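First up is the structure itself, then whatever we jot down about it.
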Amino acid sequence: MTCSEFLKELTDYLDNTMDPQTKAELEDHLQWCHNCYVVCNTTKMTIEIYRDSHLYELPDDLRGRLRSAILRKCQGSS
Amino acid sequence: MGTIQPRVEGQVNDESTLVHAAKAGDISAFEELVKRYDRNVFRIAQHITQNREDAEDVVQDAFLKAYQNLANFQEQSKFYTWLVRIAVNEALMRLRRRRPERMVSLDEDIKTEEDSMPREVADWAPNPEQLYGQGELKEILGKTIQGLPPSFRTVFVLRDVEGLSTEETADALDLSIPAVKSRLLRARLQLRERLSKYFKNRAGGDGKK
């Protein structure tokens, strides 16, 4: 397996949506290719950092105002 | 190396009961659906529009549209997937209004193979998010994702932040599954590349073994 073949399969590997044989081939590649190991590991960290970042959380006061406005508009439209 | 597991959303069991009640005119059932998903819709809207006021408007307009069109919701997909589809369309519409000079489309499939090829292969610090304060980290993450084309960051936020499956993302965005996978791979690799300059392991040299 080449590095660009590995890269094509990276998303399915990280999402664990691949057949066992391809997964074994990828893991074999990771054993000896340091660059792909780093890319795989840091891509996984990228996903985890965004997932855990609480970026753009809705503050409680704004949430309350938005909800009141939504319900007012819905009731006005029915 | 472990793999990423999707975020599992609970509370789906009685969702269709709430949807049926809301369809029958029960506003408190619809309010429950708003409470369940308003945070998600706000996050998605702000990721796409990159503008707080637009995101607030998207939340209001998306729920209002959903309410007005409940009778047309055939329940072939989950209510949340249907709501996301409405919210994404509203968010893209606002983005187009704000940036009329730039093409904004989910069909946008920019050929940036070279941008997705990893150039930075230095390993990261073990707990990279701890290198920065909470506010500074959010600024870095916000600025970094803002640099992606809208079609890439929309797929990334639905799949990796909100935890929708590839099939649900394709359904919500009206894209094919290969198109979702291709955009997701490039979004992930481009974000990784851009974050590397902040998170690489400075103590560890050039990352070579």
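Residue numbering restarts at 1 for every chain of the structure tokens, chains are lettered A, B, ... in their displayed order, and ligands are numbered from 1 as they appear.
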* **Neighbours of chain A in chain B at 6 Å, counting only C-alpha atoms, as a list in words** =>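 My answer is Thr3, Ile4, Arg39, Arg43, Gln60, Leu64, Val121, Asp123, Val161, Leu185 and Arg192 of chain B.
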* Asked: segment 72-76 of chain B: which residues within 9 Å, counting only C-alpha atoms, same-chain residues fewer than 5 positions away excluded, as a PyMOL selection string?
  -> chain B and resi 16+66+82
* **Nearby residues (only C-alpha atoms) at most 10 Å from Tyr198 of chain B, same-chain spacing under 4 positions excluded, as a VMD selection string** => chain B and resid 124 to 125 128 to 129 131 to 132 137 140 193 to 194 202
Expected file contents, prior selection, C-alpha atoms, as a PDB file, in the first residue's frame:
ATOM      1  CA  TRP B 124       1.510  17.204  17.865  1.00  0.00           C
ATOM      2  CA  ALA B 125       1.950  17.794  21.560  1.00  0.00           C
ATOM      3  CA  PRO B 128      -2.558  20.135  22.238  1.00  0.00           C
ATOM      4  CA  GLU B 129      -5.709  21.853  23.503  1.00  0.00           C
ATOM      5  CA  LEU B 131      -1.280  24.658  25.055  1.00  0.00           C
ATOM      6  CA  TYR B 132      -3.753  27.531  24.920  1.00  0.00           C
ATOM      7  CA  LEU B 137      -8.259  27.942  21.673  1.00  0.00           C
ATOM      8  CA  ILE B 140      -7.865  29.423  16.800  1.00  0.00           C
ATOM      9  CA  GLU B 193      -2.749  20.908   8.204  1.00  0.00           C
ATOM     10  CA  ARG B 194      -3.765  24.362   9.419  1.00  0.00           C
ATOM     11  CA  ARG B 202       7.868  21.961  19.630  1.00  0.00           C
TER      12      ARG B 202
END
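In this structure, atom CA of Thr49 of chain B sits 17.7 Å away from atom CA of Leu191 of chain B.
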* To do: Could you pull out the residues in segment 1-203 of chain B that DSSP calls alpha helix (DSSP H) from the backbone, as a PyMOL selection string?
  => chain B and resi 15-23+27-49+52-68+79-98+113-116+134-146+150-156+166-173+177-199
Export, as a CSV table (one decimal), in the first residue's frame, the selected residues with C-alpha atoms.
chain,number,residue,atom,x,y,z
B,15,GLU,CA,-39.5,11.9,18.9
B,16,SER,CA,-42.2,10.7,16.5
B,17,THR,CA,-44.8,11.1,19.3
B,18,LEU,CA,-43.7,14.7,19.7
B,19,VAL,CA,-43.8,15.3,15.9
B,20,HIS,CA,-47.3,13.8,15.7
B,21,ALA,CA,-48.5,16.0,18.5
B,22,ALA,CA,-47.0,19.1,17.0
B,23,LYS,CA,-48.6,18.2,13.6
B,27,ILE,CA,-47.4,23.9,20.5
B,28,SER,CA,-45.9,22.5,23.7
B,29,ALA,CA,-44.8,19.4,21.8
B,30,PHE,CA,-43.1,21.6,19.2
B,31,GLU,CA,-41.5,23.6,22.0
B,32,GLU,CA,-40.0,20.4,23.2
B,33,LEU,CA,-38.5,19.8,19.8
B,34,VAL,CA,-37.1,23.3,19.8
B,35,LYS,CA,-35.5,22.7,23.2
B,36,ARG,CA,-34.1,19.5,22.0
B,37,TYR,CA,-32.4,20.8,18.9
B,38,ASP,CA,-31.9,24.6,19.2
B,39,ARG,CA,-28.3,24.3,20.4
B,40,ASN,CA,-27.4,22.1,17.4
B,41,VAL,CA,-29.1,24.4,14.9
B,42,PHE,CA,-27.3,27.4,16.3
B,43,ARG,CA,-23.9,25.7,16.1
B,44,ILE,CA,-24.5,24.5,12.6
B,45,ALA,CA,-25.7,28.0,11.5
B,46,GLN,CA,-22.8,29.8,13.1
B,47,HIS,CA,-20.3,27.4,11.6
B,48,ILE,CA,-21.8,28.0,8.1
B,49,THR,CA,-22.5,31.7,8.3
B,52,ARG,CA,-23.6,35.5,15.2
B,53,GLU,CA,-26.6,37.7,14.1
B,54,ASP,CA,-27.1,35.5,11.0
B,55,ALA,CA,-27.0,32.4,13.2
B,56,GLU,CA,-29.7,33.8,15.5
B,57,ASP,CA,-31.9,34.6,12.5
B,58,VAL,CA,-31.3,31.1,11.1
B,59,VAL,CA,-32.4,29.4,14.3
B,60,GLN,CA,-35.7,31.4,14.3
B,61,ASP,CA,-36.4,31.0,10.6
B,62,ALA,CA,-35.5,27.3,10.5
B,63,PHE,CA,-37.8,26.4,13.4
B,64,LEU,CA,-40.6,28.6,12.0
B,65,LYS,CA,-40.3,27.0,8.5
B,66,ALA,CA,-40.3,23.6,10.1
B,67,TYR,CA,-43.4,24.4,12.1
B,68,GLN,CA,-45.2,25.8,9.0
B,79,PHE,CA,-37.1,15.0,12.3
B,80,TYR,CA,-33.6,16.2,13.2
B,81,THR,CA,-32.2,15.4,9.7
B,82,TRP,CA,-35.1,17.2,8.1
B,83,LEU,CA,-34.6,20.2,10.4
B,84,VAL,CA,-30.9,20.3,9.6
B,85,ARG,CA,-31.7,20.4,5.9
B,86,ILE,CA,-33.9,23.4,6.4
B,87,ALA,CA,-31.3,25.1,8.7
B,88,VAL,CA,-28.4,24.5,6.2
B,89,ASN,CA,-30.5,26.0,3.4
B,90,GLU,CA,-31.3,29.1,5.5
B,91,ALA,CA,-27.7,29.5,6.6
B,92,LEU,CA,-26.4,29.2,3.0
B,93,MET,CA,-29.0,31.8,1.8
B,94,ARG,CA,-27.7,34.2,4.4
B,95,LEU,CA,-24.1,33.6,3.5
B,96,ARG,CA,-24.9,34.2,-0.1
B,97,ARG,CA,-26.6,37.5,0.8
B,98,ARG,CA,-23.6,38.6,2.8
B,113,GLU,CA,-6.0,17.9,-4.1
B,114,GLU,CA,-2.7,19.6,-3.4
B,115,ASP,CA,-4.3,21.4,-0.5
B,116,SER,CA,-5.3,18.1,1.0
B,134,GLN,CA,-10.0,28.3,26.5
B,135,GLY,CA,-10.7,31.6,24.8
B,136,GLU,CA,-7.6,31.5,22.7
B,137,LEU,CA,-8.3,27.9,21.7
B,138,LYS,CA,-11.8,28.8,20.5
B,139,GLU,CA,-10.4,31.7,18.5
B,140,ILE,CA,-7.9,29.4,16.8
B,141,LEU,CA,-10.5,26.8,16.0
B,142,GLY,CA,-13.0,29.4,14.8
B,143,LYS,CA,-10.5,31.1,12.6
B,144,THR,CA,-9.2,27.8,11.2
B,145,ILE,CA,-12.6,26.4,10.2
B,146,GLN,CA,-13.6,29.8,8.7
B,150,PRO,CA,-18.5,26.5,3.0
B,151,SER,CA,-19.2,23.1,1.4
B,152,PHE,CA,-16.3,21.5,3.3
B,153,ARG,CA,-17.0,23.1,6.6
B,154,THR,CA,-20.7,22.2,6.4
B,155,VAL,CA,-20.0,18.5,5.8
B,156,PHE,CA,-17.3,18.6,8.6
B,166,THR,CA,-22.6,9.8,6.4
B,167,GLU,CA,-26.0,8.7,5.1
B,168,GLU,CA,-27.8,11.3,7.3
B,169,THR,CA,-25.4,14.0,6.1
B,170,ALA,CA,-25.9,13.1,2.5
B,171,ASP,CA,-29.7,13.2,3.0
B,172,ALA,CA,-29.6,16.5,4.8
B,173,LEU,CA,-27.4,18.1,2.2
B,177,ILE,CA,-22.4,9.5,-0.3
B,178,PRO,CA,-19.1,9.6,-2.3
B,179,ALA,CA,-19.5,13.4,-2.4
B,180,VAL,CA,-19.9,13.6,1.4
B,181,LYS,CA,-16.9,11.3,1.9
B,182,SER,CA,-14.7,13.2,-0.4
B,183,ARG,CA,-15.5,16.6,1.1
B,184,LEU,CA,-15.1,15.2,4.6
B,185,LEU,CA,-11.7,13.8,3.9
B,186,ARG,CA,-10.5,17.0,2.4
B,187,ALA,CA,-12.0,19.1,5.2
B,188,ARG,CA,-10.4,16.9,7.9
B,189,LEU,CA,-7.0,17.0,6.2
B,190,GLN,CA,-7.1,20.8,5.6
B,191,LEU,CA,-8.1,21.5,9.2
B,192,ARG,CA,-5.3,19.2,10.4
B,193,GLU,CA,-2.7,20.9,8.2
B,194,ARG,CA,-3.8,24.4,9.4
B,195,LEU,CA,-3.9,23.4,13.1
B,196,SER,CA,-0.5,21.8,12.9
B,197,LYS,CA,1.2,25.2,13.1
B,198,TYR,CA,-0.4,25.8,16.5
B,199,PHE,CA,-0.3,22.3,18.0
* Suppose you want the space between atom CA of Glu25 of chain A and atom CA of Phe6 of chain A; what is it in Å? ->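 Interatomic distance, atom CA of Glu25 of chain A to atom CA of Phe6 of chain A: 9.0 Å.
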* **One-decimal distance in Å that lies between atom CA of Gly76 of chain A and atom CA of Asp14 of chain B** => 26.7 Å
